[in-house]
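Shown next: target.tsv, containing TSV, C-alpha atoms.
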chain	number	residue	atom	x	y	z
D	1	MET	CA	0.00	0.00	0.00
D	2	LEU	CA	2.91	2.34	0.64
D	3	ALA	CA	3.88	2.27	-3.05
D	4	GLU	CA	0.31	3.14	-4.05
D	5	GLN	CA	0.32	6.15	-1.74
D	6	ASP	CA	3.72	7.17	-3.09
D	7	ILE	CA	2.39	7.08	-6.65
D	8	LEU	CA	-0.69	9.15	-5.80
D	9	LYS	CA	1.41	11.64	-3.86
D	10	LYS	CA	3.85	11.95	-6.77
D	11	VAL	CA	1.11	12.43	-9.34
D	12	ARG	CA	-0.69	15.04	-7.20
D	13	SER	CA	2.50	16.97	-6.50
D	14	TRP	CA	3.34	18.06	-10.03
D	15	GLU	CA	3.63	21.80	-10.23
D	16	GLN	CA	2.17	23.11	-13.42
D	17	ALA	CA	4.89	24.88	-15.36
D	18	ALA	CA	3.86	27.95	-17.30
D	19	LEU	CA	3.51	27.46	-21.03
D	20	CYS	CA	5.13	29.72	-23.56
D	21	LYS	CA	2.55	32.00	-25.13
D	22	ASP	CA	2.82	30.09	-28.43
D	23	ASP	CA	2.39	26.70	-26.77
D	24	ALA	CA	-0.88	25.11	-25.76
D	25	LEU	CA	-1.98	21.73	-24.56
D	26	GLN	CA	-2.68	19.74	-27.69
D	27	PRO	CA	-5.85	17.64	-27.52
D	28	LYS	CA	-4.02	14.49	-28.63
D	29	TYR	CA	-1.43	14.99	-25.89
D	30	VAL	CA	-4.17	15.38	-23.27
D	31	ASN	CA	-5.96	12.32	-24.72
D	32	ALA	CA	-2.79	10.23	-24.51
D	33	ILE	CA	-2.35	11.04	-20.83
D	34	GLN	CA	-6.04	10.59	-19.97
D	35	ARG	CA	-6.13	7.16	-21.64
D	36	SER	CA	-2.82	5.97	-20.19
D	37	ALA	CA	-2.57	3.12	-17.71
D	38	LEU	CA	-1.44	5.58	-15.03
D	39	ALA	CA	-4.54	7.77	-15.49
D	40	ARG	CA	-6.85	4.72	-15.46
D	41	TRP	CA	-5.09	3.45	-12.32
D	42	CYS	CA	-5.56	6.85	-10.64
D	43	LEU	CA	-9.24	6.93	-11.64
D	44	SER	CA	-9.74	3.47	-10.12
D	45	ARG	CA	-8.71	5.07	-6.83
D	46	GLY	CA	-11.04	8.05	-7.19
D	47	GLU	CA	-8.21	10.36	-8.27
D	48	THR	CA	-7.64	12.35	-11.40
D	49	ILE	CA	-4.30	12.91	-13.02
D	50	PRO	CA	-3.18	16.51	-13.51
D	51	ILE	CA	-2.10	17.17	-17.07
D	52	ARG	CA	1.52	18.23	-17.11
D	53	LYS	CA	1.98	21.44	-19.06
D	54	LEU	CA	4.73	20.96	-21.61
D	55	SER	CA	5.92	22.87	-24.63
D	56	ALA	CA	4.55	21.73	-27.99
D	57	ALA	CA	7.91	20.14	-28.77
D	58	LYS	CA	7.83	18.03	-25.60
D	59	GLN	CA	4.22	16.99	-26.28
D	60	ARG	CA	5.16	15.78	-29.76
D	61	PRO	CA	6.17	12.14	-28.95
D	62	LEU	CA	2.77	11.44	-27.39
D	63	VAL	CA	0.93	13.28	-30.16
D	64	ARG	CA	2.77	11.24	-32.80
D	65	LEU	CA	1.83	7.99	-31.11
D	66	VAL	CA	-1.83	9.03	-30.98
D	67	ASP	CA	-1.61	9.91	-34.70
D	68	ARG	CA	-0.16	6.47	-35.46
D	69	ILE	CA	-2.90	4.75	-33.45
D	70	LEU	CA	-5.61	6.76	-35.20
D	71	ALA	CA	-4.10	5.99	-38.62
D	72	ALA	CA	-3.94	2.27	-37.84
D	73	LYS	CA	-7.54	2.23	-36.58
D	74	THR	CA	-8.72	4.23	-39.60
D	75	ALA	CA	-7.10	1.73	-41.94
D	76	ASP	CA	-8.38	-1.26	-39.97
D	77	ALA	CA	-10.79	-0.81	-37.07
D	78	SER	CA	-9.59	-4.08	-35.54
D	79	ALA	CA	-5.89	-3.20	-35.82
D	80	ASN	CA	-3.80	-4.18	-32.82
D	81	THR	CA	-2.39	-0.96	-31.39
D	82	GLY	CA	-1.32	-2.48	-28.10
D	83	GLU	CA	2.40	-1.84	-28.59
D	84	MET	CA	1.81	1.84	-29.33
D	85	GLU	CA	-0.51	2.14	-26.33
D	86	GLU	CA	2.16	0.52	-24.15
D	87	GLU	CA	4.69	2.99	-25.53
D	88	ILE	CA	2.37	5.81	-24.44
D	89	ASP	CA	2.15	4.23	-20.98
D	90	TRP	CA	5.94	4.18	-20.67
D	91	LEU	CA	6.23	7.80	-21.81
D	92	VAL	CA	3.59	8.82	-19.25
D	93	TYR	CA	5.34	6.88	-16.47
D	94	ASP	CA	8.52	8.73	-17.36
D	95	LEU	CA	6.72	12.06	-17.62
D	96	TYR	CA	5.39	11.70	-14.07
D	97	GLY	CA	8.68	10.35	-12.73
D	98	LEU	CA	7.54	6.91	-11.60
D	99	THR	CA	10.16	4.47	-10.36
D	100	ASN	CA	10.32	0.86	-11.59
D	101	GLU	CA	8.63	-0.26	-8.36
D	102	GLU	CA	5.78	2.23	-8.85
D	103	ILE	CA	5.38	1.22	-12.50
D	104	ALA	CA	5.12	-2.40	-11.38
D	105	VAL	CA	2.29	-1.48	-8.98
D	106	VAL	CA	0.33	0.18	-11.80
D	107	ALA	CA	1.08	-2.61	-14.29
D	108	ASP	CA	0.09	-5.33	-11.80
D	109	PHE	CA	-3.32	-3.68	-11.42
D	110	PHE	CA	-4.05	-4.31	-15.11
D	111	TRP	CA	-2.40	-7.71	-15.46
D	112	ASP	CA	-4.90	-10.49	-16.15
D	113	GLY	CA	-2.49	-13.29	-15.27
D	114	THR	CA	-1.76	-14.47	-18.79
D	115	LEU	CA	1.21	-13.66	-20.99
D	116	THR	CA	2.20	-15.09	-24.32
D	117	GLU	CA	5.78	-16.28	-24.72
D	118	GLU	CA	6.48	-13.14	-26.76
D	119	GLN	CA	5.10	-10.90	-24.00
D	120	GLU	CA	7.20	-12.72	-21.41
D	121	ASP	CA	10.26	-12.23	-23.59
D	122	GLN	CA	9.49	-8.52	-24.03
D	123	ALA	CA	8.98	-8.03	-20.29
D	124	LEU	CA	12.24	-9.77	-19.50
D	125	LEU	CA	14.12	-7.76	-22.10
D	126	ARG	CA	12.68	-4.51	-20.79
D	127	ALA	CA	13.72	-5.44	-17.26
D	128	MET	CA	17.19	-6.26	-18.54
D	129	GLU	CA	17.42	-2.95	-20.39
D	130	GLU	CA	16.64	-1.12	-17.17
D	131	GLY	CA	19.19	-3.16	-15.23
D	132	ASP	CA	22.92	-2.76	-14.84
D	133	VAL	CA	24.65	-2.16	-18.19
D	134	ASN	CA	27.53	-4.43	-17.14
D	135	ASP	CA	25.17	-7.38	-16.65
D	136	ARG	CA	23.70	-7.36	-20.18
D	137	VAL	CA	23.39	-10.52	-22.21
D	138	SER	CA	22.36	-11.02	-25.81
D	139	LEU	CA	18.80	-11.58	-26.97
D	140	GLU	CA	19.82	-15.04	-28.20
D	141	GLU	CA	21.08	-15.99	-24.72
D	142	VAL	CA	17.84	-14.82	-23.14
D	143	LEU	CA	15.66	-16.69	-25.63
D	144	GLU	CA	17.76	-19.85	-25.24
D	145	THR	CA	17.39	-19.65	-21.46
D	146	LEU	CA	13.64	-19.12	-21.71
D	147	ARG	CA	13.16	-22.00	-24.14
D	148	THR	CA	15.33	-24.53	-22.27
D	149	PRO	CA	13.17	-26.82	-20.10
D	150	ASP	CA	13.90	-26.90	-16.39
D	151	ASP	CA	15.71	-30.03	-15.16
D	152	CYS	CA	13.76	-30.02	-11.89
Exercise: express the given structure as structure tokens:
Amino acid sequence: MLAEQDILKKVRSWEQAALCKDDALQPKYVNAIQRSALARWCLSRGETIPIRKLSAAKQRPLVRLVDRILAAKTADASANTGEMEEEIDWLVYDLYGLTNEEIAVVADFFWDGTLTEEQEDQALLRAMEEGDVNDRVSLEEVLETLRTPDDC
């Protein structure tokens, strides 16, 4: 529970920086934050997430992802945009300064208990990327380890 309180405290504490007169909150940027896993997690606790005021240039990565999702859905309404949505989640976690432990709390809230082998591989690789640079191993080594049956 302490981690949950830490997350809420962190999200609530963001001071709103003043925007330059030529900058404004872009609707797609606001949409990306409001639909992120962090915002949905906050809402599940009766909280709202303050929208961080950023320059147009700093809003651009989230806006571009929303544009890509909209383009994919326009081309095919059933298109899988999960990877892009996850990318938005990671950008929002970073934007609000969440630690790996806090991200895990939010992610665990949405986890349904099932992962494909590919999702397991991606999660492991992401954890490795965030680990110590000196302890890195190749993708092939990781996949070989994951695919080798346990002797126990």
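Nearest to D:Glu4 of all the residues D:Glu118, D:Glu86, D:Asp108, D:Asp76 is D:Asp108, counting only C-alpha atoms.
By chain and then residue number, the residues within 7 Å of stretch 34-49 of chain D are D:Val11, D:Val30, D:Ile88, D:Asp89, D:Val106, counting all atoms listed in the file and disregarding those fewer than 4 positions away in sequence.
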- request: Compile the contact shell of stretch 77-84 of chain D as a ChimeraX atom specification: residues with an atom at most 12 Å away, counting only C-alpha atoms, same-chain residues fewer than 2 positions apart removed.
  value: /D:32,36-37,61-75,86-91,119,122
Just the selected residues (C-alpha atoms), exported as a PDB file, in the frame of the given file, please.
ATOM      1  CA  ALA D  32      -2.790  10.230 -24.510  1.00  0.00           C
ATOM      2  CA  SER D  36      -2.820   5.970 -20.190  1.00  0.00           C
ATOM      3  CA  ALA D  37      -2.570   3.120 -17.710  1.00  0.00           C
ATOM      4  CA  PRO D  61       6.170  12.140 -28.950  1.00  0.00           C
ATOM      5  CA  LEU D  62       2.770  11.440 -27.390  1.00  0.00           C
ATOM      6  CA  VAL D  63       0.930  13.280 -30.160  1.00  0.00           C
ATOM      7  CA  ARG D  64       2.770  11.240 -32.800  1.00  0.00           C
ATOM      8  CA  LEU D  65       1.830   7.990 -31.110  1.00  0.00           C
ATOM      9  CA  VAL D  66      -1.830   9.030 -30.980  1.00  0.00           C
ATOM     10  CA  ASP D  67      -1.610   9.910 -34.700  1.00  0.00           C
ATOM     11  CA  ARG D  68      -0.160   6.470 -35.460  1.00  0.00           C
ATOM     12  CA  ILE D  69      -2.900   4.750 -33.450  1.00  0.00           C
ATOM     13  CA  LEU D  70      -5.610   6.760 -35.200  1.00  0.00           C
ATOM     14  CA  ALA D  71      -4.100   5.990 -38.620  1.00  0.00           C
ATOM     15  CA  ALA D  72      -3.940   2.270 -37.840  1.00  0.00           C
ATOM     16  CA  LYS D  73      -7.540   2.230 -36.580  1.00  0.00           C
ATOM     17  CA  THR D  74      -8.720   4.230 -39.600  1.00  0.00           C
ATOM     18  CA  ALA D  75      -7.100   1.730 -41.940  1.00  0.00           C
ATOM     19  CA  GLU D  86       2.160   0.520 -24.150  1.00  0.00           C
ATOM     20  CA  GLU D  87       4.690   2.990 -25.530  1.00  0.00           C
ATOM     21  CA  ILE D  88       2.370   5.810 -24.440  1.00  0.00           C
ATOM     22  CA  ASP D  89       2.150   4.230 -20.980  1.00  0.00           C
ATOM     23  CA  TRP D  90       5.940   4.180 -20.670  1.00  0.00           C
ATOM     24  CA  LEU D  91       6.230   7.800 -21.810  1.00  0.00           C
ATOM     25  CA  GLN D 119       5.100 -10.900 -24.000  1.00  0.00           C
ATOM     26  CA  GLN D 122       9.490  -8.520 -24.030  1.00  0.00           C
TER      27      GLN D 122
END
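Note that atom CA of D:Gln59 and atom CA of D:Leu25 are 8.0 Å apart.
The interatomic distance for the pair atom CA of D:Asp121 and atom CA of D:Asn100 works out to 17.8 Å.
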message: Between atom CA of D:Asn31 and atom CA of D:Ala107, what distance in Å does the model show, to one decimal?
response: 19.5 Å
With N, CA, C and O atoms as the target, complete stretch 88-101 of chain D and hand it back as a PDB file, keeping the file's coordinate frame.
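Okay, part-v3.pdb is ready:
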ATOM      1  N   ILE D  88       2.949   4.618 -25.090  1.00  0.00           N
ATOM      2  CA  ILE D  88       2.370   5.810 -24.440  1.00  0.00           C
ATOM      3  C   ILE D  88       2.454   5.644 -22.922  1.00  0.00           C
ATOM      4  O   ILE D  88       2.856   6.575 -22.216  1.00  0.00           O
ATOM      5  N   ASP D  89       2.084   4.462 -22.430  1.00  0.00           N
ATOM      6  CA  ASP D  89       2.150   4.230 -20.980  1.00  0.00           C
ATOM      7  C   ASP D  89       3.553   4.496 -20.450  1.00  0.00           C
ATOM      8  O   ASP D  89       3.712   5.165 -19.423  1.00  0.00           O
ATOM      9  N   TRP D  90       4.569   3.995 -21.130  1.00  0.00           N
ATOM     10  CA  TRP D  90       5.940   4.180 -20.670  1.00  0.00           C
ATOM     11  C   TRP D  90       6.354   5.647 -20.709  1.00  0.00           C
ATOM     12  O   TRP D  90       7.046   6.129 -19.802  1.00  0.00           O
ATOM     13  N   LEU D  91       5.920   6.371 -21.743  1.00  0.00           N
ATOM     14  CA  LEU D  91       6.230   7.800 -21.810  1.00  0.00           C
ATOM     15  C   LEU D  91       5.547   8.555 -20.664  1.00  0.00           C
ATOM     16  O   LEU D  91       6.137   9.464 -20.071  1.00  0.00           O
ATOM     17  N   VAL D  92       4.324   8.166 -20.339  1.00  0.00           N
ATOM     18  CA  VAL D  92       3.590   8.820 -19.250  1.00  0.00           C
ATOM     19  C   VAL D  92       4.238   8.482 -17.902  1.00  0.00           C
ATOM     20  O   VAL D  92       4.397   9.360 -17.052  1.00  0.00           O
ATOM     21  N   TYR D  93       4.634   7.229 -17.714  1.00  0.00           N
ATOM     22  CA  TYR D  93       5.340   6.880 -16.470  1.00  0.00           C
ATOM     23  C   TYR D  93       6.571   7.762 -16.312  1.00  0.00           C
ATOM     24  O   TYR D  93       6.844   8.282 -15.227  1.00  0.00           O
ATOM     25  N   ASP D  94       7.318   7.910 -17.394  1.00  0.00           N
ATOM     26  CA  ASP D  94       8.520   8.730 -17.360  1.00  0.00           C
ATOM     27  C   ASP D  94       8.183  10.196 -17.110  1.00  0.00           C
ATOM     28  O   ASP D  94       8.839  10.874 -16.320  1.00  0.00           O
ATOM     29  N   LEU D  95       7.147  10.671 -17.766  1.00  0.00           N
ATOM     30  CA  LEU D  95       6.720  12.060 -17.620  1.00  0.00           C
ATOM     31  C   LEU D  95       6.387  12.405 -16.170  1.00  0.00           C
ATOM     32  O   LEU D  95       6.695  13.490 -15.683  1.00  0.00           O
ATOM     33  N   TYR D  96       5.775  11.468 -15.457  1.00  0.00           N
ATOM     34  CA  TYR D  96       5.390  11.700 -14.070  1.00  0.00           C
ATOM     35  C   TYR D  96       6.428  11.184 -13.072  1.00  0.00           C
ATOM     36  O   TYR D  96       6.206  11.216 -11.864  1.00  0.00           O
ATOM     37  N   GLY D  97       7.555  10.709 -13.582  1.00  0.00           N
ATOM     38  CA  GLY D  97       8.680  10.350 -12.730  1.00  0.00           C
ATOM     39  C   GLY D  97       8.498   9.100 -11.892  1.00  0.00           C
ATOM     40  O   GLY D  97       9.073   9.000 -10.801  1.00  0.00           O
ATOM     41  N   LEU D  98       7.736   8.129 -12.368  1.00  0.00           N
ATOM     42  CA  LEU D  98       7.540   6.910 -11.600  1.00  0.00           C
ATOM     43  C   LEU D  98       8.796   6.047 -11.601  1.00  0.00           C
ATOM     44  O   LEU D  98       9.505   5.960 -12.599  1.00  0.00           O
ATOM     45  N   THR D  99       9.051   5.413 -10.474  1.00  0.00           N
ATOM     46  CA  THR D  99      10.160   4.470 -10.360  1.00  0.00           C
ATOM     47  C   THR D  99       9.714   3.121 -10.926  1.00  0.00           C
ATOM     48  O   THR D  99       8.508   2.891 -11.151  1.00  0.00           O
ATOM     49  N   ASN D 100      10.667   2.207 -11.114  1.00  0.00           N
ATOM     50  CA  ASN D 100      10.320   0.860 -11.590  1.00  0.00           C
ATOM     51  C   ASN D 100       9.349   0.170 -10.645  1.00  0.00           C
ATOM     52  O   ASN D 100       8.429  -0.515 -11.084  1.00  0.00           O
ATOM     53  N   GLU D 101       9.531   0.353  -9.348  1.00  0.00           N
ATOM     54  CA  GLU D 101       8.630  -0.260  -8.360  1.00  0.00           C
ATOM     55  C   GLU D 101       7.213   0.301  -8.510  1.00  0.00           C
ATOM     56  O   GLU D 101       6.227  -0.444  -8.459  1.00  0.00           O
TER      57      GLU D 101
END
